[in-house]
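Student: Hey, dropping coords38.cif in here, mmCIF, C-alpha atoms:
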```cif
data_model
#
loop_
_atom_site.label_atom_id
_atom_site.label_comp_id
_atom_site.auth_asym_id
_atom_site.auth_seq_id
_atom_site.Cartn_x
_atom_site.Cartn_y
_atom_site.Cartn_z
CA MET V 1 -60.50 -12.01 29.25
CA TRP V 2 -60.00 -8.97 27.05
CA ARG V 3 -62.38 -6.05 26.68
CA VAL V 4 -63.90 -5.46 23.25
CA PRO V 5 -65.84 -2.35 22.20
CA ALA V 6 -69.57 -3.03 22.12
CA PRO V 7 -71.07 -3.24 18.61
CA VAL V 8 -72.19 0.08 17.15
CA ARG V 9 -75.21 -1.40 15.35
CA THR V 10 -78.47 -1.53 17.26
CA VAL V 11 -80.68 -4.58 17.25
CA ALA V 12 -83.42 -2.50 15.59
CA TRP V 13 -81.13 -1.66 12.65
CA THR V 14 -79.68 -5.18 12.46
CA TYR V 15 -83.01 -7.01 12.64
CA GLU V 16 -84.63 -4.74 10.06
CA ARG V 17 -81.71 -5.24 7.68
CA CYS V 18 -82.03 -9.01 8.05
CA ILE V 19 -85.77 -9.19 7.31
CA ARG V 20 -86.51 -6.37 4.88
CA THR V 21 -85.86 -8.36 1.70
CA VAL V 22 -87.54 -11.62 2.75
CA LYS V 23 -89.53 -12.65 -0.34
CA ASP V 24 -92.32 -14.52 1.45
CA ASP V 25 -94.82 -11.75 2.21
CA ASP V 26 -96.54 -13.61 5.04
CA LEU V 27 -93.25 -14.50 6.73
CA ARG V 28 -91.93 -10.97 6.32
CA ASP V 29 -95.08 -9.58 7.91
CA GLN V 30 -94.68 -11.99 10.82
CA LEU V 31 -91.04 -11.04 11.26
CA ASP V 32 -91.87 -7.36 11.08
CA ALA V 33 -94.64 -7.72 13.68
CA ALA V 34 -92.18 -9.39 16.05
CA ALA V 35 -89.65 -6.54 15.85
CA PRO V 36 -90.86 -4.72 19.02
CA ALA V 37 -90.63 -7.96 21.04
CA VAL V 38 -87.12 -8.66 19.71
CA GLN V 39 -86.04 -5.12 20.61
CA ALA V 40 -87.57 -5.39 24.09
CA ALA V 41 -85.77 -8.69 24.70
CA SER V 42 -82.49 -7.13 23.61
CA GLY V 43 -82.99 -4.12 25.86
CA ALA V 44 -83.65 -6.40 28.83
CA PHE V 45 -80.51 -8.36 27.96
CA ARG V 46 -78.36 -5.23 28.00
CA THR V 47 -79.79 -4.15 31.36
CA ALA V 48 -79.11 -7.58 32.87
CA ALA V 49 -75.61 -7.72 31.36
CA GLN V 50 -74.71 -4.32 32.80
CA SER V 51 -75.86 -5.42 36.27
CA ALA V 52 -74.30 -8.93 36.00
CA THR V 53 -77.70 -10.60 36.56
CA LEU V 54 -78.00 -12.57 33.32
CA ALA V 55 -78.61 -15.78 35.27
CA SER V 56 -82.09 -14.38 35.89
CA TYR V 57 -82.73 -13.50 32.25
CA PRO V 58 -85.75 -15.61 31.20
CA ALA V 59 -85.46 -18.19 28.46
CA ALA V 60 -88.32 -18.21 25.96
CA ALA V 61 -88.90 -20.46 22.96
CA ASN V 62 -91.49 -18.18 21.32
CA VAL V 63 -91.17 -14.41 21.03
CA GLY V 64 -93.52 -11.96 19.37
CA GLY V 65 -95.48 -14.77 17.75
CA LEU V 66 -92.34 -16.33 16.24
CA THR V 67 -91.03 -19.78 17.08
CA LYS V 68 -87.45 -20.71 17.91
CA LYS V 69 -87.12 -22.21 14.43
CA GLU V 70 -88.11 -18.95 12.73
CA LEU V 71 -85.91 -16.79 14.95
CA THR V 72 -82.83 -18.97 14.50
CA TRP V 73 -83.51 -19.04 10.76
CA VAL V 74 -83.07 -15.27 10.75
CA TYR V 75 -79.58 -15.75 12.21
CA ASP V 76 -78.53 -18.72 10.10
CA VAL V 77 -79.85 -17.55 6.72
CA ARG V 78 -80.29 -13.79 6.97
CA PHE V 79 -77.35 -12.86 9.22
CA ALA V 80 -74.49 -15.39 9.34
CA LYS V 81 -74.69 -16.82 5.84
CA ALA V 82 -72.18 -15.45 3.33
CA LYS V 83 -73.64 -12.61 1.23
CA SER V 84 -76.73 -12.44 3.46
CA PRO V 85 -78.08 -8.94 4.24
CA GLY V 86 -76.92 -9.15 7.86
CA ARG V 87 -73.43 -10.41 7.06
CA LEU V 88 -72.15 -6.83 7.24
CA VAL V 89 -72.87 -6.76 10.97
CA TYR V 90 -71.48 -10.28 11.43
CA ASN V 91 -68.19 -9.21 9.87
CA GLU V 92 -68.05 -5.96 11.86
CA ILE V 93 -68.43 -7.82 15.16
CA LYS V 94 -65.97 -10.53 14.17
CA SER V 95 -63.31 -7.97 13.23
CA SER V 96 -63.75 -5.92 16.42
CA ALA V 97 -61.47 -8.17 18.48
CA VAL V 98 -58.11 -6.58 19.33
CA ASN V 99 -55.42 -7.89 16.95
CA GLY V 100 -57.86 -10.59 15.90
CA ARG V 101 -57.42 -12.38 19.25
CA CYS V 102 -60.29 -14.18 20.94
CA PRO V 103 -61.38 -12.01 23.90
CA MET V 104 -62.61 -15.06 25.79
CA CYS V 105 -59.18 -16.71 26.09
CA GLY V 106 -56.94 -13.82 25.05
CA HIS V 107 -54.79 -16.13 22.96
CA ARG V 108 -56.24 -17.88 19.90
CA GLN V 109 -57.45 -16.18 16.72
CA VAL V 110 -61.10 -15.26 16.26
CA SER V 111 -62.84 -17.55 13.77
CA THR V 112 -66.55 -17.22 14.56
CA LEU V 113 -69.22 -15.43 16.58
CA ASP V 114 -70.42 -16.91 19.86
CA HIS V 115 -73.94 -16.40 21.18
CA TYR V 116 -73.18 -15.30 24.73
CA LEU V 117 -76.60 -16.60 25.80
CA PRO V 118 -77.25 -19.55 23.46
CA LYS V 119 -79.82 -19.01 20.74
CA ALA V 120 -81.22 -22.48 21.44
CA SER V 121 -82.63 -21.21 24.74
CA PHE V 122 -82.82 -17.48 23.91
CA PRO V 123 -83.84 -17.29 20.23
CA ALA V 124 -85.05 -13.69 20.59
CA LEU V 125 -81.36 -12.73 20.99
CA SER V 126 -80.25 -14.55 17.84
CA VAL V 127 -79.22 -11.35 16.02
CA THR V 128 -78.81 -9.06 19.03
CA PRO V 129 -75.34 -7.53 18.54
CA ASP V 130 -74.78 -7.29 22.32
CA ASN V 131 -75.28 -11.07 22.52
CA LEU V 132 -72.80 -11.85 19.74
CA VAL V 133 -69.13 -12.05 20.73
CA PRO V 134 -66.09 -12.65 18.50
CA ALA V 135 -64.50 -15.93 19.59
CA CYS V 136 -62.11 -18.69 18.59
CA GLY V 137 -63.50 -22.07 17.66
CA ASP V 138 -62.18 -23.74 20.81
CA CYS V 139 -63.82 -21.25 23.20
CA ASN V 140 -67.03 -21.45 21.22
CA LYS V 141 -67.09 -25.25 21.58
CA GLN V 142 -66.00 -25.36 25.23
CA LYS V 143 -68.57 -22.78 26.26
CA LEU V 144 -71.34 -24.91 24.71
CA ASP V 145 -75.02 -23.97 25.13
CA VAL V 146 -74.94 -23.95 28.91
CA VAL V 147 -77.45 -21.67 30.64
CA PRO V 148 -76.10 -20.25 33.93
CA ALA V 149 -77.91 -21.58 37.01
CA HIS V 150 -76.88 -18.66 39.22
CA ASP V 151 -74.97 -15.37 38.99
CA GLY V 152 -71.66 -17.04 39.81
CA GLU V 153 -71.95 -19.14 36.65
CA VAL V 154 -72.36 -16.18 34.31
CA MET V 155 -69.38 -16.12 31.95
CA LEU V 156 -67.44 -12.88 31.61
CA HIS V 157 -68.78 -10.68 28.83
CA PRO V 158 -66.16 -8.79 26.77
CA TYR V 159 -68.52 -5.83 26.20
CA PHE V 160 -69.73 -5.33 29.75
CA ASP V 161 -67.13 -6.75 32.17
CA ASP V 162 -63.77 -5.16 32.89
CA VAL V 163 -61.44 -7.33 34.97
CA GLU V 164 -58.16 -5.87 33.75
CA SER V 165 -57.65 -3.13 36.33
CA GLN V 166 -56.36 -5.54 38.99
CA PRO V 167 -54.26 -8.72 38.71
CA TRP V 168 -56.13 -11.98 39.22
CA LEU V 169 -54.23 -14.46 37.04
CA VAL V 170 -51.31 -16.00 38.91
CA ALA V 171 -48.73 -18.64 38.09
CA GLN V 172 -46.66 -21.08 40.12
CA VAL V 173 -43.33 -22.60 39.13
CA LEU V 174 -43.28 -26.38 39.39
CA GLN V 175 -39.83 -27.80 40.13
CA THR V 176 -39.96 -30.39 37.40
CA ALA V 177 -37.48 -31.34 34.70
CA PRO V 178 -37.95 -29.37 32.56
CA ALA V 179 -39.51 -26.61 34.67
CA SER V 180 -43.25 -26.12 34.17
CA ILE V 181 -45.86 -23.52 35.06
CA GLU V 182 -49.26 -23.91 36.66
CA PHE V 183 -51.90 -21.15 36.35
CA SER V 184 -54.81 -20.32 38.63
CA VAL V 185 -57.16 -17.53 39.69
CA ASP V 186 -56.47 -15.44 42.78
CA ALA V 187 -59.28 -12.90 42.98
CA PRO V 188 -58.53 -9.50 44.57
CA ALA V 189 -59.93 -9.07 48.08
CA ALA V 190 -61.96 -6.05 46.95
CA TRP V 191 -63.98 -8.12 44.47
CA SER V 192 -67.48 -9.32 45.29
CA VAL V 193 -68.14 -13.00 45.86
CA VAL V 194 -70.10 -13.12 42.60
CA LEU V 195 -67.37 -11.54 40.47
CA SER V 196 -64.74 -13.84 41.98
CA ALA V 197 -66.92 -16.84 41.20
CA ARG V 198 -67.55 -15.64 37.64
CA VAL V 199 -63.85 -15.22 36.87
CA ALA V 200 -63.07 -18.67 38.29
CA HIS V 201 -65.96 -20.19 36.32
CA HIS V 202 -64.80 -18.52 33.10
CA PHE V 203 -61.22 -19.74 33.67
CA GLU V 204 -62.28 -23.31 34.41
CA SER V 205 -65.00 -23.62 31.74
CA LEU V 206 -62.65 -22.59 28.94
CA GLN V 207 -59.80 -24.76 30.34
CA LEU V 208 -57.46 -21.78 30.32
CA SER V 209 -55.03 -23.36 32.78
CA THR V 210 -54.23 -26.10 30.27
CA LEU V 211 -53.99 -23.65 27.38
CA TYR V 212 -51.69 -21.25 29.21
CA ALA V 213 -49.49 -24.04 30.62
CA ALA V 214 -48.87 -25.31 27.10
CA GLN V 215 -47.93 -21.83 25.87
CA ALA V 216 -45.67 -21.29 28.88
CA ALA V 217 -43.86 -24.56 28.20
CA ASP V 218 -42.96 -23.34 24.72
CA GLU V 219 -41.87 -19.96 26.06
CA LEU V 220 -39.56 -21.55 28.63
CA ILE V 221 -37.87 -23.53 25.87
CA ASN V 222 -37.50 -20.38 23.77
CA ILE V 223 -35.77 -18.36 26.53
CA ARG V 224 -33.63 -21.15 28.00
CA HIS V 225 -30.52 -20.27 25.99
CA SER V 226 -30.79 -16.54 26.84
CA LEU V 227 -31.20 -17.32 30.53
CA ALA V 228 -28.13 -19.54 30.46
CA ASP V 229 -26.11 -16.65 29.04
CA VAL V 230 -27.46 -14.22 31.65
CA HIS V 231 -26.76 -16.70 34.42
CA ALA V 232 -23.19 -17.23 33.21
CA ALA V 233 -22.59 -13.47 33.19
CA GLY V 234 -24.23 -12.47 36.47
CA GLY V 235 -25.62 -15.47 38.33
CA PRO V 236 -29.13 -15.87 39.83
CA THR V 237 -29.46 -12.19 40.76
CA GLU V 238 -28.98 -11.11 37.16
CA VAL V 239 -31.44 -13.76 35.94
CA ALA V 240 -34.07 -12.51 38.39
CA SER V 241 -33.52 -8.91 37.25
CA PHE V 242 -33.78 -9.91 33.60
CA LEU V 243 -37.03 -11.78 34.21
CA LYS V 244 -38.49 -8.97 36.32
CA GLN V 245 -37.95 -6.52 33.47
CA ALA V 246 -39.68 -8.96 31.13
CA ALA V 247 -42.60 -9.25 33.54
CA ASP V 248 -42.89 -5.47 33.90
CA SER V 249 -42.92 -5.03 30.14
CA ARG V 250 -45.68 -7.58 29.67
CA ARG V 251 -47.66 -6.19 32.61
CA ALA V 252 -47.67 -2.78 30.94
CA ALA V 253 -49.38 -4.39 27.94
CA ARG V 254 -51.74 -6.84 29.70
CA VAL V 255 -52.12 -7.11 33.46
CA ASN V 256 -53.60 -10.59 33.30
CA SER V 257 -51.90 -12.19 30.33
CA TRP V 258 -50.37 -15.62 30.85
CA GLN V 259 -47.02 -14.04 29.92
CA THR V 260 -47.28 -11.49 32.74
CA ALA V 261 -48.18 -14.21 35.24
CA MET V 262 -45.47 -16.57 34.05
CA TYR V 263 -42.62 -14.04 34.02
CA SER V 264 -43.65 -12.74 37.45
CA ALA V 265 -43.60 -16.28 38.85
CA ILE V 266 -40.23 -17.30 37.42
CA ALA V 267 -38.64 -13.97 38.41
CA ASN V 268 -39.68 -14.64 42.02
CA SER V 269 -38.55 -18.27 42.07
CA PRO V 270 -35.03 -18.70 43.57
CA TRP V 271 -34.98 -22.29 42.33
CA PHE V 272 -35.70 -21.24 38.76
CA CYS V 273 -33.21 -18.34 38.78
CA GLU V 274 -30.47 -20.51 40.29
CA GLY V 275 -30.61 -22.86 37.33
CA GLY V 276 -34.02 -24.53 37.37
CA PHE V 277 -34.61 -23.05 33.91
CA ALA V 278 -32.02 -25.46 32.53
#
```
Please express the file's structure as structure tokens.

Tutor:
Amino acid sequence: MWRVPAPVRTVAWTYERCIRTVKDDDLRDQLDAAAPAVQAASGAFRTAAQSATLASYPAAANVGGLTKKELTWVYDVRFAKAKSPGRLVYNEIKSSAVNGRCPMCGHRQVSTLDHYLPKASFPALSVTPDNLVPACGDCNKQKLDVVPAHDGEVMLHPYFDDVESQPWLVAQVLQTAPASIEFSVDAPAAWSVVLSARVAHHFESLQLSTLYAAQAADELINIRHSLADVHAAGGPTEVASFLKQAADSRRAARVNSWQTAMYSAIANSPWFCEGGFA
């Protein structure tokens, strides 16, 4: 998972922008009266996200006198809809992802916003910027509207969780024909039980092993010819050195990218370097 800068817009600014031009006077008054409750819910969300206790964040269908239907309407019609008053914030959050890549998988292109806690169960957070994460369509669908049952089931949050300082994504070379790569999570010993469980849950829920294995298969095909040339010139030792340099280069960019894990694994595989790549 990649870090993304937290949105600069506050929920107070965002919510007010969404409701201020509602033409129905009664509805606008209702929405305006609910603003303090929406802001309080968002503040509690941020506190829980910073302490990794969002599994305890209470679901509520009605907030500040508004129903789930009314609160989700604010998102659908006044925030996410093209040319809606809140679309400015929608676009800002969507474009915040590094190089347009989905921070949840670190691979596919961002195409939507994901409600980190689903608006179906937490409608008060429908337009809370902290609860809206740029995501690809696949991650958005695979994540679904699941509410975490305990802290170990809380997905990683790109704004609040930083798991890039230590390596946790590892790869294993499978001696198949052609060679293939299997990815898994190996949490650092210094991590808490909860953080280790969260990373594993994130990895499994988004089916990242399958995604990364498919990308690695293409990469192995792409480098096969180069490795054959290196092997012909210097044998397995030269192949291992070549792959180690590739791993170091990718590690400098992303500690836990699938590329870093893959190149590290194949560089350390005598079978692969002796000709398994072919």

Student: Quick one: pull the distance between atom CA of Arg254 of chain V and atom CA of Val173 of chain V, Å, one decimal.

Tutor: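 One can read the atom CA of Arg254 of chain V to atom CA of Val173 of chain V distance as 20.2 Å.
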
Student: Would you please work out which residue, of V:Lys94, V:His231, V:His107, V:His157, is nearest to Trp258 of chain V when using only C-alpha atoms?

Tutor: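 Once distances to Trp258 of chain V are computed over only C-alpha atoms, the minimum belongs to V:His107.
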
Student: When the PyMOL selection byres ((chain V and resi 116-127) around 7) is applied to the file above, which residues end up in the set, as a compact mmCIF listing (two decimals) with C-alpha atoms, in the coordinates of the input?

Tutor:
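New file result-v1.txt:
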```txt
# COMPACT_ATOMS: atom_id res chain seq x y z
CA TYR V 15 -83.01 -7.01 12.64
CA VAL V 38 -87.12 -8.66 19.71
CA ALA V 41 -85.77 -8.69 24.70
CA SER V 42 -82.49 -7.13 23.61
CA ALA V 59 -85.46 -18.19 28.46
CA ALA V 60 -88.32 -18.21 25.96
CA ALA V 61 -88.90 -20.46 22.96
CA VAL V 63 -91.17 -14.41 21.03
CA LYS V 68 -87.45 -20.71 17.91
CA LEU V 71 -85.91 -16.79 14.95
CA THR V 72 -82.83 -18.97 14.50
CA TYR V 75 -79.58 -15.75 12.21
CA ASP V 114 -70.42 -16.91 19.86
CA HIS V 115 -73.94 -16.40 21.18
CA THR V 128 -78.81 -9.06 19.03
CA PRO V 129 -75.34 -7.53 18.54
CA ASN V 131 -75.28 -11.07 22.52
CA LEU V 132 -72.80 -11.85 19.74
CA VAL V 133 -69.13 -12.05 20.73
CA ASP V 145 -75.02 -23.97 25.13
```

Student: Any chance you could resolve the PyMOL selection byres ((chain V and resi 215-222) around 10) against this file and give the residues as a list in words?

Tutor: His107, Pro178, Ala179, Ser180, Ile181, Glu182, Phe183, Thr210, Leu211, Tyr212, Ala213, Ala214, Ile223, Arg224, His225, Ser226, Leu227, Trp258, Gln259, Ala261, Met262, Tyr263, Ile266, Phe277 and Ala278 of chain V

Student: Hey, can you check how far atom CA of Cys18 of chain V sits from atom CA of Pro158 of chain V?

Tutor: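 For atom CA of Cys18 of chain V relative to atom CA of Pro158 of chain V, the distance reads 24.5 Å.
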
Student: Starting from the shown file, work through the PyMOL selection byres ((chain V and resi 170) around 9) and note down what comes out as a PyMOL selection string.

Tutor: chain V and resi 167-169+171-172+182-186+256+258+260-262+264-265

Student: Using all atoms listed in the file, pick whichever of V:Gln50, V:Thr67, V:Ser111, V:Gln39 has the shortest atom-to-atom distance to Ser96 of chain V.

Tutor: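 Selected residue with least distance to Ser96 of chain V: V:Ser111.
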
Student: Generate N, CA and C atoms for segment 70-89 of chain V and emit them as a PDB file, in the frame of the given file.

Tutor:
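Ended up saving to result_29.pdb:
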```pdb
ATOM      1  N   GLU V  70     -88.075 -20.130  13.591  1.00  0.00           N
ATOM      2  CA  GLU V  70     -88.110 -18.950  12.730  1.00  0.00           C
ATOM      3  C   GLU V  70     -87.052 -17.921  13.152  1.00  0.00           C
ATOM      4  N   LEU V  71     -86.880 -17.772  14.449  1.00  0.00           N
ATOM      5  CA  LEU V  71     -85.910 -16.790  14.950  1.00  0.00           C
ATOM      6  C   LEU V  71     -84.476 -17.213  14.659  1.00  0.00           C
ATOM      7  N   THR V  72     -84.175 -18.496  14.803  1.00  0.00           N
ATOM      8  CA  THR V  72     -82.830 -18.970  14.500  1.00  0.00           C
ATOM      9  C   THR V  72     -82.576 -18.981  12.995  1.00  0.00           C
ATOM     10  N   TRP V  73     -83.645 -19.129  12.217  1.00  0.00           N
ATOM     11  CA  TRP V  73     -83.510 -19.040  10.760  1.00  0.00           C
ATOM     12  C   TRP V  73     -83.028 -17.645  10.361  1.00  0.00           C
ATOM     13  N   VAL V  74     -83.508 -16.630  11.042  1.00  0.00           N
ATOM     14  CA  VAL V  74     -83.070 -15.270  10.750  1.00  0.00           C
ATOM     15  C   VAL V  74     -81.555 -15.172  10.924  1.00  0.00           C
ATOM     16  N   TYR V  75     -81.030 -15.777  11.984  1.00  0.00           N
ATOM     17  CA  TYR V  75     -79.580 -15.750  12.210  1.00  0.00           C
ATOM     18  C   TYR V  75     -78.843 -16.570  11.154  1.00  0.00           C
ATOM     19  N   ASP V  76     -79.261 -17.809  10.972  1.00  0.00           N
ATOM     20  CA  ASP V  76     -78.530 -18.720  10.100  1.00  0.00           C
ATOM     21  C   ASP V  76     -78.538 -18.277   8.637  1.00  0.00           C
ATOM     22  N   VAL V  77     -79.685 -17.828   8.143  1.00  0.00           N
ATOM     23  CA  VAL V  77     -79.850 -17.550   6.720  1.00  0.00           C
ATOM     24  C   VAL V  77     -79.740 -16.071   6.371  1.00  0.00           C
ATOM     25  N   ARG V  78     -80.215 -15.218   7.286  1.00  0.00           N
ATOM     26  CA  ARG V  78     -80.290 -13.790   6.970  1.00  0.00           C
ATOM     27  C   ARG V  78     -79.187 -12.961   7.641  1.00  0.00           C
ATOM     28  N   PHE V  79     -78.392 -13.595   8.502  1.00  0.00           N
ATOM     29  CA  PHE V  79     -77.350 -12.860   9.220  1.00  0.00           C
ATOM     30  C   PHE V  79     -75.966 -13.477   9.030  1.00  0.00           C
ATOM     31  N   ALA V  80     -75.814 -14.756   9.345  1.00  0.00           N
ATOM     32  CA  ALA V  80     -74.490 -15.390   9.340  1.00  0.00           C
ATOM     33  C   ALA V  80     -74.069 -15.928   7.981  1.00  0.00           C
ATOM     34  N   LYS V  81     -75.003 -16.232   7.140  1.00  0.00           N
ATOM     35  CA  LYS V  81     -74.690 -16.820   5.840  1.00  0.00           C
ATOM     36  C   LYS V  81     -73.926 -15.818   4.966  1.00  0.00           C
ATOM     37  N   ALA V  82     -72.950 -16.312   4.229  1.00  0.00           N
ATOM     38  CA  ALA V  82     -72.180 -15.450   3.330  1.00  0.00           C
ATOM     39  C   ALA V  82     -73.106 -14.751   2.342  1.00  0.00           C
ATOM     40  N   LYS V  83     -72.882 -13.459   2.161  1.00  0.00           N
ATOM     41  CA  LYS V  83     -73.640 -12.610   1.230  1.00  0.00           C
ATOM     42  C   LYS V  83     -75.079 -12.370   1.692  1.00  0.00           C
ATOM     43  N   SER V  84     -75.398 -12.737   2.939  1.00  0.00           N
ATOM     44  CA  SER V  84     -76.730 -12.440   3.460  1.00  0.00           C
ATOM     45  C   SER V  84     -76.795 -10.959   3.829  1.00  0.00           C
ATOM     46  N   PRO V  85     -77.989 -10.378   3.941  1.00  0.00           N
ATOM     47  CA  PRO V  85     -78.080  -8.940   4.240  1.00  0.00           C
ATOM     48  C   PRO V  85     -77.490  -8.547   5.583  1.00  0.00           C
ATOM     49  N   GLY V  86     -77.465  -9.464   6.543  1.00  0.00           N
ATOM     50  CA  GLY V  86     -76.920  -9.150   7.860  1.00  0.00           C
ATOM     51  C   GLY V  86     -75.444  -9.459   8.010  1.00  0.00           C
ATOM     52  N   ARG V  87     -74.837  -9.996   6.958  1.00  0.00           N
ATOM     53  CA  ARG V  87     -73.430 -10.410   7.060  1.00  0.00           C
ATOM     54  C   ARG V  87     -72.508  -9.219   7.344  1.00  0.00           C
ATOM     55  N   LEU V  88     -72.922  -8.028   6.936  1.00  0.00           N
ATOM     56  CA  LEU V  88     -72.150  -6.830   7.240  1.00  0.00           C
ATOM     57  C   LEU V  88     -71.916  -6.696   8.736  1.00  0.00           C
ATOM     58  N   VAL V  89     -72.979  -6.879   9.519  1.00  0.00           N
ATOM     59  CA  VAL V  89     -72.870  -6.760  10.970  1.00  0.00           C
ATOM     60  C   VAL V  89     -72.045  -7.905  11.537  1.00  0.00           C
TER      61      VAL V  89
END
```
